[in-house]
Every structure is written in structure tokens, then in C-alpha cells.
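Shown next, in C-alpha cells, is the structure this report addresses.
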Amino acid sequence: MSAAALPPRVAVLGAGSWGTALAALACMQADTLIWARRPEAAHEIASQRRNARYLPGITLPAGLRATSEFNDAIAHVCASDSDALIILGVPVAGMADACARLAAALQGRSHAPLHVVWTCKGMQPDTGLLPHEVASAALGGLPGVSLGVLSGPSFALEVARGLPVALTIASTQPATGNAVLVALHGQHCRIYTSDDVIGVEVGGALKNVMAIACGISDGLGLGANARAALITRGLAEIQRLAQALGGRAETVQGLTGLGDLVLTATGPLSRNRQVGLAIGEGRSLEDILAGGMTAEGVRCARAALALGVRHGVELPITAAVCRVLFEGQAPRAAVATLLARDSRPESPNSYR
Ligand SMILES: NC(=O)C1=CN([C@@H]2O[C@H](COP(=O)(O)OP(=O)(O)OC[C@H]3O[C@@H](n4cnc5c(N)ncnc54)[C@H](OP(=O)(O)O)[C@@H]3O)[C@@H](O)[C@H]2O)C=CC1
Ligand SMILES: O=C(CO)COP(=O)(O)O
């Protein structure tokens, strides 16, 4: 697959840090409009070239247009006479809402092939549904609409600064991979393609939980050896769940699994790691999340554990994170419990 075709029109729905950084990237080669639900956020992007709350210090490209009118964003892509791309930049908690809104806005509109891709990393808290299940329920039956997930190791602030990044688009529809490739693959951004939607989504969801675990360990001052062990055994845990759900081990070992796990578990910009660090230093979860920070590993930990139970997959690190976050177990006691487990073969599948 090459990036030879004309770039599609792009609408980015959600103007937080990642939506804005992706829109800034896309507008370098595609006609791009970003939608923010708050009018003042759209106005700040359009008139001041800034999104100070989410990307402090960044000047956005002059070519990026913004709106707070949802229908304007949908009209922008539907007006295209060739393939167009919608990127959902909302967290997993806003995914069902955004998909329902999108489905309603598309009713009765004609459009060329429309590719809808999401960037969220997590699971629905109550149901454990992965993002593709949420998207399929709302959008799956719509004619001319195909779906995919865009993921990988990518701190929004670094991307907004024009630093290099590699991302993976996973879709069962090659045309969706191609639309993302043509819109985003370029000087600073490499796009890889995959058809393993489940593997990509489980990697993105669980790496946040592992980043919390590594943050806790570092906050306790347990050292680099402990962090390396958590990353490696965390990867094995992610692989077990991904395979049980139908994903592939090779995907977990790629950008969206290992790559994003290493980034998030060690990178100072990670909000999930910051949550873990603060817990390890003795702060309460309520206090840490009081400012409204997006840290999807918190709610994902419980959903993933329940999913593991349903599928007979043991997730010891996820279970330890849950005990610390939700059951009041002291972080040091959780570490002791992990260390006291019986020895076993290192293979990720030795648990099943
Ligand atoms: N930040 C990063 O480096 C990366 C993030 N991601 C993933 O991308 C997703 C978005 O994260 P990120 O941009 O960081 O999050 P942020 O917290 O920075 O921003 C979230 C944005 O989504 C908006 N939003 C939230 N709920 C809804 C909703 N129901 N309808 C419409 N808009 C909504 C918020 O609007 P408002 O401002 O009005 O509250 C805000 O603009 C997450 O799943 C994250 O894991 C992936 C790769 C990198
Ligand atoms: O997903 C991310 C980088 O790929 C961002 O991680 P955090 O949500 O922990 O900040």
C-alpha cells in the first residue's frame, strides 16, 4: 500500500491534546476541520492558533480550521466527492456518545466512502466492551462507512512539536488504512497498517494499566530492575488477554503494544504513569484525578480484570493495580503479594 492517492478531507471530532495534535498533522497535507464541543475552544484554535489548555506553548498551523458546530464538521467530510476521513479524538468515556452523535448526523446524508477511526485507549467501564464494539454498534450498519483504530506510541505534545512518530492503523478494510496513510503519513509521521483490531485495542488499553503499575513502583523508589520486570511481565499479561479475545501476539509485540507500553511506562508525559507515581508517593486517587485529568488506565483496570475473569485469563499486575486503586491496599503490600506468587515458566501462556 502506498501513499500515492490524493489526501482525503479530514474531520477530527474532539479537540483535546491528541485530537488537536492529529488535526495539526493532518492539515499539513489534507483539508482538515477540527470540532470542539466548547465554542471557546474552537474559537481559540481558529483565531489564536492555540489550544493552551491541552497543548501549552504550541502554535497551530495556519491551515487548520475549527468549529463547534458538529453538523459543520460532518458536512465538511460529506461534501467530498472522494474518500473522506473522520478521526474520533475523544476518550473512551466519550466514545459511545460521539458515535451516536455521528450516526445521527449521517442519517439521510449522501457521501463518498467515509472512514471513521478512533484513537481512544481503554474499555467501556461497565461492559468491558472494546472501542471497536462500541463503534460497530452505532456505525457498523451504515452504508459507505468503514471503521478502524489508530494507535501507537505517541505523546501529543511531541507530535505537536513536529517530532517523529510512528502509528498503526488497524482495520479489516484496506481502504481505511489507505485513507489514514494518505492523510497522515509524511515527513514526521510513519503510518503502519494492520488488520488486527483486537490486538491493537487490547495493547492500547492495558498499557495504561501497566503504566500505572510502573508509576507506583517508581513512586515507591523500587528501582529500574522492578520497572523492567513490570514492563516485561505486563507485556505477557497484555498478550494473554489479547490472544484470549482473538488478537495476535505479534501485534502486542509491535508499536501498539510493546512500543506504547515502553513509552507510557517510562515517559514523563504519560498521565497514567503520573497517576501511579502520585499513588506511590502516598496521594489519594480522588485527589490526583480532581482536576479532571484523562488517565484511562484507572477505569480500564477494573474492566480488564472482569474481562480476564470472564475469559479465564489471569492478570496479576492488573489485579494488584485494582487492589491499590479501589480496595485501599497499600502499594508496598501489593508489591509483596506480586513477589510472593509461586514461580512458573516465563512463557506468557504458562498461566492458562
Ligand atoms: N494525549 C496523548 O498523548 C494521546 C492520547 N491518546 C488517546 O486519545 C484519546 C483522547 O485523549 P486526549 O486527547 O489525550 O484527551 P484530553 O483529555 O486531552 O482531551 C479530551 C477531549 O475530548 C473531549 N471530550 C470528552 N468527552 C467528550 C464527549 N463525550 N464528546 C465530545 N468531546 C468529548 C474533551 O472536551 P472538553 O475539553 O470540552 O472537556 C477534550 O477536548 C484518549 O483515549 C487517549 O488515550 C492516544 C495517543 C496519544
Ligand atoms: O497513549 C499515550 C501515548 O501513546 C498517552 O498516554 P497517557 O494517556 O498515559 O498520557
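By order of appearance in the C-alpha cells: chains A, B, ..., then residues from 1 within every chain, and ligands from 1 in the order shown.
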Exercise. Around ligand 2, at most 8 Å away and counting only C-alpha atoms and all ligand atoms, which residues are there? Put them as a list in words, please.
Key: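 Residues satisfying the distance criterion: Lys121, Ser151, Gly152, Pro153, Ser154, Phe155, Ala156, Gly204, Asn208, Ala211, Asp260, Leu263, Thr264, Leu269, Ser270, Arg271, Asn272, Arg273, Gln274, Thr294, Ala295, Glu296 and Gly297 of chain A.
The binding environment of ligand 1, defined as every protein, DNA or RNA residue with an atom no more than 6 Å away and counting only C-alpha atoms and all ligand atoms, comprises Gly14, Ala15, Gly16, Ser17, Trp18, Gly19, Arg37, Arg38, Tyr54, Gly89, Val90, Pro91, Val92, Gly94, Asp97, Ala98, Thr119, Cys120, Lys121, Ser154, Phe155, Ala156 and Thr294 of chain A.
Put simply, atom CA of A:Asn178 is 24.9 Å away from atom CA of A:Arg161.
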Exercise. Might you pull out every residue within 8 Å of stretch 333-338 of chain A, with only C-alpha atoms counted and same-chain residues fewer than 6 positions away left off, and present them as a PyMOL selection string?
Key: chain A and resi 316-317+320-321+323-324
Quiz item: Using only C-alpha atoms, which of A:His311, A:Asp72, A:Gly128, A:Gly108 sits nearest A:Pro143?
Solution: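 Using only C-alpha atoms, the shortest distance to A:Pro143 belongs to A:Gly108.
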Quiz item: Out of A:Gly57, A:Ile288, A:Thr176, A:Val159, which residue has the shortest atom-to-atom distance to A:Val116 when counting only C-alpha atoms?
Solution: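 Of all the options, A:Thr176 lies closest to A:Val116.
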Quiz item: To one decimal place, how far is atom CA of A:Gly247 from atom CA of A:Val197 in Å?
Solution: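 If I compute the distance from atom CA of A:Gly247 to atom CA of A:Val197, I get 7.4 Å.
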